[in-house]
$ cat upload_37.cif   # mmCIF, C-alpha atoms
data_structure
#
loop_
_atom_site.label_atom_id
_atom_site.label_comp_id
_atom_site.auth_asym_id
_atom_site.auth_seq_id
_atom_site.Cartn_x
_atom_site.Cartn_y
_atom_site.Cartn_z
CA MET A 1 60.60 22.47 -245.87
CA LYS A 2 58.19 20.67 -243.53
CA ASN A 3 59.44 19.24 -240.22
CA ASN A 4 57.87 15.85 -239.33
CA GLY A 5 58.85 16.02 -235.62
CA PHE A 6 56.66 16.93 -232.64
CA THR A 7 56.68 20.35 -231.12
CA LEU A 8 57.48 20.78 -227.45
CA ILE A 9 53.84 21.68 -226.73
CA GLU A 10 52.61 18.47 -228.38
CA VAL A 11 55.05 16.36 -226.34
CA LEU A 12 54.01 18.12 -223.11
CA ALA A 13 50.33 17.63 -223.95
CA VAL A 14 50.89 13.89 -224.47
CA LEU A 15 52.86 13.64 -221.20
CA ILE A 16 50.11 15.47 -219.28
CA ILE A 17 47.46 13.11 -220.71
CA ILE A 18 49.59 10.08 -219.73
CA MET A 19 50.08 11.43 -216.20
CA ILE A 20 46.34 12.03 -215.83
CA LEU A 21 45.63 8.47 -216.97
CA ILE A 22 48.21 7.10 -214.51
CA THR A 23 46.73 9.21 -211.70
CA ILE A 24 43.30 7.74 -212.42
CA THR A 25 44.45 4.15 -213.04
CA ILE A 26 46.78 3.54 -210.07
CA PRO A 27 44.14 3.97 -207.32
CA ILE A 28 41.71 1.78 -209.27
CA LEU A 29 44.33 -0.96 -209.67
CA SER A 30 45.34 -0.62 -206.04
CA ASP A 31 41.72 -1.01 -204.91
CA LYS A 32 41.26 -4.04 -207.16
CA MET A 33 44.43 -5.66 -205.79
CA LYS A 34 43.28 -5.04 -202.22
CA GLU A 35 39.82 -6.43 -203.05
CA THR A 36 41.40 -9.53 -204.58
CA LYS A 37 43.61 -10.07 -201.52
CA THR A 38 40.61 -9.60 -199.22
CA LYS A 39 38.60 -12.19 -201.14
CA ALA A 40 41.57 -14.58 -201.06
CA MET A 41 41.88 -14.06 -197.28
CA GLU A 42 38.15 -14.70 -196.78
CA ALA A 43 38.45 -17.88 -198.85
CA GLN A 44 41.50 -18.95 -196.78
CA VAL A 45 39.59 -18.39 -193.51
CA ASN A 46 36.57 -20.26 -194.88
CA ASN A 47 38.75 -23.23 -195.91
CA ILE A 48 40.36 -23.37 -192.46
CA GLU A 49 36.95 -23.21 -190.75
CA ILE A 50 35.61 -25.99 -193.01
CA ALA A 51 38.67 -28.15 -192.24
CA ALA A 52 38.22 -27.54 -188.50
CA LYS A 53 34.54 -28.46 -188.70
CA LYS A 54 35.40 -31.66 -190.59
CA TYR A 55 38.07 -32.49 -187.97
CA ALA A 56 35.56 -31.94 -185.15
CA THR A 57 32.90 -34.00 -186.93
CA ASP A 58 35.32 -36.84 -187.67
CA ASN A 59 36.71 -36.90 -184.12
CA ILE A 60 33.65 -35.85 -182.06
CA ARG A 61 33.85 -38.89 -179.76
CA ASP A 62 37.44 -38.10 -178.79
CA LEU A 63 36.95 -34.38 -178.15
CA ASP A 64 36.10 -34.44 -174.43
CA GLU A 65 36.38 -30.67 -173.98
CA LEU A 66 33.94 -29.99 -176.84
CA ASN A 67 31.49 -32.63 -175.62
CA ARG A 68 31.69 -31.61 -171.97
CA PHE A 69 31.83 -27.81 -172.17
CA GLY A 70 30.44 -27.18 -175.66
CA PHE A 71 33.55 -25.35 -176.88
CA MET A 72 37.22 -25.90 -177.53
CA ASN A 73 40.23 -24.33 -179.20
CA LEU A 74 41.87 -26.27 -182.02
CA SER A 75 45.31 -25.30 -183.34
CA LEU A 76 46.29 -25.03 -186.99
CA LYS A 77 49.09 -27.46 -186.09
CA THR A 78 46.52 -30.14 -185.23
CA LEU A 79 44.82 -29.66 -188.61
CA ILE A 80 48.19 -29.79 -190.40
CA ASP A 81 49.41 -32.85 -188.46
CA ASN A 82 46.16 -34.70 -189.26
CA ASN A 83 46.22 -33.72 -192.96
CA TYR A 84 43.10 -31.56 -192.89
CA ILE A 85 45.07 -28.60 -194.32
CA GLY A 86 48.47 -28.21 -195.93
CA ALA A 87 51.55 -26.82 -194.19
CA ASN A 88 52.98 -23.32 -194.73
CA ILE A 89 49.65 -21.59 -195.26
CA LYS A 90 50.10 -17.90 -196.00
CA ASN A 91 47.96 -14.89 -195.19
CA PRO A 92 47.07 -13.46 -198.63
CA MET A 93 46.97 -9.91 -197.22
CA ASN A 94 50.65 -9.78 -196.22
CA ASN A 95 52.05 -13.05 -197.63
CA GLU A 96 53.28 -14.10 -194.16
CA THR A 97 53.08 -17.75 -193.13
CA LEU A 98 50.29 -18.33 -190.61
CA PHE A 99 51.42 -19.14 -187.07
CA ILE A 100 50.77 -22.86 -186.47
CA ASP A 101 49.70 -22.16 -182.88
CA ASP A 102 46.80 -19.99 -184.12
CA VAL A 103 43.53 -21.42 -182.85
CA ILE A 104 40.15 -22.08 -184.35
CA TYR A 105 37.33 -21.64 -181.86
CA ILE A 106 34.86 -24.53 -182.12
CA THR A 107 31.44 -24.64 -180.47
CA LEU A 108 28.86 -27.37 -180.16
CA ASP A 109 25.40 -25.97 -179.47
CA TYR A 110 22.46 -27.56 -177.67
CA ASN A 111 21.25 -29.03 -181.02
CA ASN A 112 24.69 -30.62 -181.65
CA ASN A 113 25.51 -28.14 -184.43
CA ILE A 114 29.24 -27.50 -184.79
CA LYS A 115 30.34 -23.93 -185.52
CA THR A 116 33.92 -22.86 -186.20
CA THR A 117 35.45 -19.39 -186.03
CA TYR A 118 38.97 -18.50 -187.14
CA ASP A 119 40.59 -15.06 -186.97
CA ILE A 120 43.53 -14.84 -189.37
CA ASP A 121 44.98 -11.83 -187.49
CA GLN A 122 44.76 -13.29 -184.00
CA LYS A 123 48.46 -13.01 -183.13
CA ASN A 124 47.90 -9.26 -182.73
CA LYS A 125 44.75 -9.63 -180.65
CA SER A 126 43.70 -10.43 -177.13
CA THR A 127 42.11 -13.80 -176.43
CA ILE A 128 38.98 -14.67 -174.53
CA THR A 129 37.76 -18.02 -173.19
CA LEU A 130 34.50 -18.88 -171.46
CA LYS A 131 34.45 -19.95 -167.84
CA GLY A 132 32.00 -22.80 -167.41
CA PHE A 133 29.89 -24.21 -170.20
CA PHE A 134 29.11 -22.95 -173.71
CA ASN A 135 25.59 -24.38 -173.31
CA ASP A 136 24.46 -23.53 -169.78
CA LYS A 137 21.14 -24.66 -168.32
CA VAL A 138 19.12 -22.97 -165.63
CA LYS A 139 15.80 -24.02 -164.10
CA LEU A 140 12.81 -21.87 -164.91
CA GLY A 141 12.20 -19.32 -162.14
CA THR A 142 15.64 -19.57 -160.52
CA PRO A 143 18.30 -16.85 -160.76
CA TYR A 144 21.08 -17.25 -163.31
CA VAL A 145 24.63 -16.33 -162.30
CA ASP A 146 26.87 -15.69 -165.29
CA PRO A 147 30.25 -17.41 -164.78
CA GLY A 148 31.84 -14.90 -167.19
CA ALA A 149 34.97 -15.34 -169.25
CA ILE A 150 38.74 -14.99 -169.00
CA GLY A 151 40.56 -12.42 -171.13
CA PHE A 152 44.28 -12.33 -171.94
CA ASP A 153 46.04 -9.48 -173.78
CA GLY A 154 49.44 -11.14 -174.13
CA THR A 155 50.67 -9.77 -170.78
CA ASN A 156 47.79 -9.50 -168.32
CA THR A 157 44.94 -11.87 -167.52
CA ASN A 158 41.48 -10.66 -166.53
CA SER A 159 39.48 -13.51 -165.03
CA ASN A 160 36.32 -11.44 -164.52
CA VAL A 161 35.13 -10.55 -168.02
CA ALA A 162 31.35 -10.08 -167.95
CA ALA A 163 28.92 -10.40 -170.85
CA PHE A 164 28.54 -7.13 -172.75
CA SER A 165 25.40 -8.16 -174.62
CA GLY A 166 22.38 -10.27 -173.84
CA THR A 167 20.27 -10.99 -170.78
CA VAL A 168 18.71 -14.12 -169.35
CA ASP A 169 15.05 -13.97 -168.39
CA THR A 170 14.55 -16.99 -166.14
CA SER A 171 10.80 -16.33 -165.95
CA LYS A 172 10.42 -17.54 -169.57
CA GLU A 173 11.61 -20.76 -171.17
CA GLY A 174 13.95 -20.28 -174.09
CA VAL A 175 17.53 -20.02 -175.28
CA TYR A 176 19.33 -16.78 -174.43
CA VAL A 177 22.66 -15.73 -175.93
CA LEU A 178 25.28 -13.87 -173.91
CA LYS A 179 28.20 -12.26 -175.76
CA TYR A 180 31.68 -11.60 -174.37
CA PHE A 181 34.51 -9.42 -175.62
CA TYR A 182 37.91 -8.48 -174.18
CA GLN A 183 39.83 -5.48 -175.54
CA ASN A 184 40.33 -6.34 -179.25
CA SER A 185 39.47 -10.06 -179.04
CA ASN A 186 36.89 -11.90 -181.08
CA ILE A 187 33.36 -11.98 -179.73
CA ILE A 188 32.40 -15.30 -178.14
CA GLU A 189 28.96 -16.46 -177.06
CA ARG A 190 27.28 -18.62 -174.44
CA ASN A 191 23.85 -20.23 -174.87
CA VAL A 192 21.79 -20.18 -171.69
CA ILE A 193 18.86 -22.57 -171.84
CA VAL A 194 16.03 -21.76 -169.44
CA THR A 195 13.87 -24.82 -168.96
CA ASP A 196 11.47 -26.40 -166.49
CA ASP A 197 12.77 -29.81 -167.52
CA MET A 198 15.69 -30.23 -165.09
#

$ encode --input "upload_37.cif" --output "structure tokens"
Amino acid sequence: MKNNGFTLIEVLAVLIIIMILITITIPILSDKMKETKTKAMEAQVNNIEIAAKKYATDNIRDLDELNRFGFMNLSLKTLIDNNYIGANIKNPMNNETLFIDDVIYITLDYNNNIKTTYDIDQKNKSTITLKGFFNDKVKLGTPYVDPGAIGFDGTNTNSNVAAFSGTVDTSKEGVYVLKYFYQNSNIIERNVIVTDDM
């Protein structure tokens, strides 16, 4: 009489094959999920930066700080209150609602180009703000004194943050870029325009 059931060895072989497939599949799925969340986060950041740029463009005449110094911080709350973005925006990486006091850093360069930068994880980072102007001018042949930046780590303030990258050669006309960084903050820049036309 023939038995139509599976032997123990056949069942174990099938289980081993299933476990191998699971071992291979789970990391692949996990990587794909992480990749999808990363792309969603990048899209979220891009949408916020586009909304901030539109806000700055629409309200350029009323933004004294941006017009005077060439940079400003704009809160998510301002974008929400003015209907540039919806409320209760979530970070796709951790599904937490974004803090409405998060800021978008907006710059206006010497050619009147608006640039926006938003860091979705800023509540865990230090902040840095330029002292003086975003677009600084210096006369050809005269020394340039960098005003620096102010860094804040949530507890302590450092008002003497110097540029970590870039130099200004006042013997040659041109636009020089100085970069500033404080602990784990974003990198911010200053344009220094060396000109004989002052």

$ atom_distance --input "upload_37.cif" --atom1 "CA of Val138 in chain A" --atom2 "CA of Glu65 in chain A"
20.7 Å

$ resolve_selection --input "upload_37.cif" --expression "the PyMOL selection byres ((chain A and resi 42) around 12)" --output "list in words"
Glu35, Thr36, Lys37, Thr38, Lys39, Ala40, Met41, Ala43, Gln44, Val45, Asn46, Asn47, Ile48, Glu49, Asn91, Pro92, Met93, Tyr118, Asp119, Ile120 and Asp121 of chain A

$ resolve_selection --input "upload_37.cif" --expression "the PyMOL selection byres ((chain A and resi 144) around 10)" --output "JSON, numbers by chain"
{"A": [136, 137, 138, 139, 140, 141, 142, 143, 145, 146, 147, 167, 168, 169, 170, 192, 194]}

$ resolve_selection --input "upload_37.cif" --expression "the PyMOL selection byres ((chain A and resi 73-79) around 8)" --output "compact mmCIF listing (two decimals) with C-alpha atoms, in the frame of the given file"
# COMPACT_ATOMS: atom_id res chain seq x y z
CA ALA A 51 38.67 -28.15 -192.24
CA ALA A 52 38.22 -27.54 -188.50
CA TYR A 55 38.07 -32.49 -187.97
CA PHE A 71 33.55 -25.35 -176.88
CA MET A 72 37.22 -25.90 -177.53
CA ILE A 80 48.19 -29.79 -190.40
CA ASP A 81 49.41 -32.85 -188.46
CA ASN A 82 46.16 -34.70 -189.26
CA ASN A 83 46.22 -33.72 -192.96
CA TYR A 84 43.10 -31.56 -192.89
CA ILE A 85 45.07 -28.60 -194.32
CA PHE A 99 51.42 -19.14 -187.07
CA ILE A 100 50.77 -22.86 -186.47
CA ASP A 101 49.70 -22.16 -182.88
CA ASP A 102 46.80 -19.99 -184.12
CA VAL A 103 43.53 -21.42 -182.85
CA ILE A 104 40.15 -22.08 -184.35
CA TYR A 105 37.33 -21.64 -181.86
CA ILE A 106 34.86 -24.53 -182.12

$ residues_near_point --input "upload_37.cif" --point "(26.6, -24.0, -181.5)" --cutoff "9 Å" --atoms "all atoms listed in the file" --output "JSON, numbers by chain"
{"A": [70, 71, 106, 107, 108, 109, 110, 111, 112, 113, 114, 115, 116, 134, 135, 190, 191]}
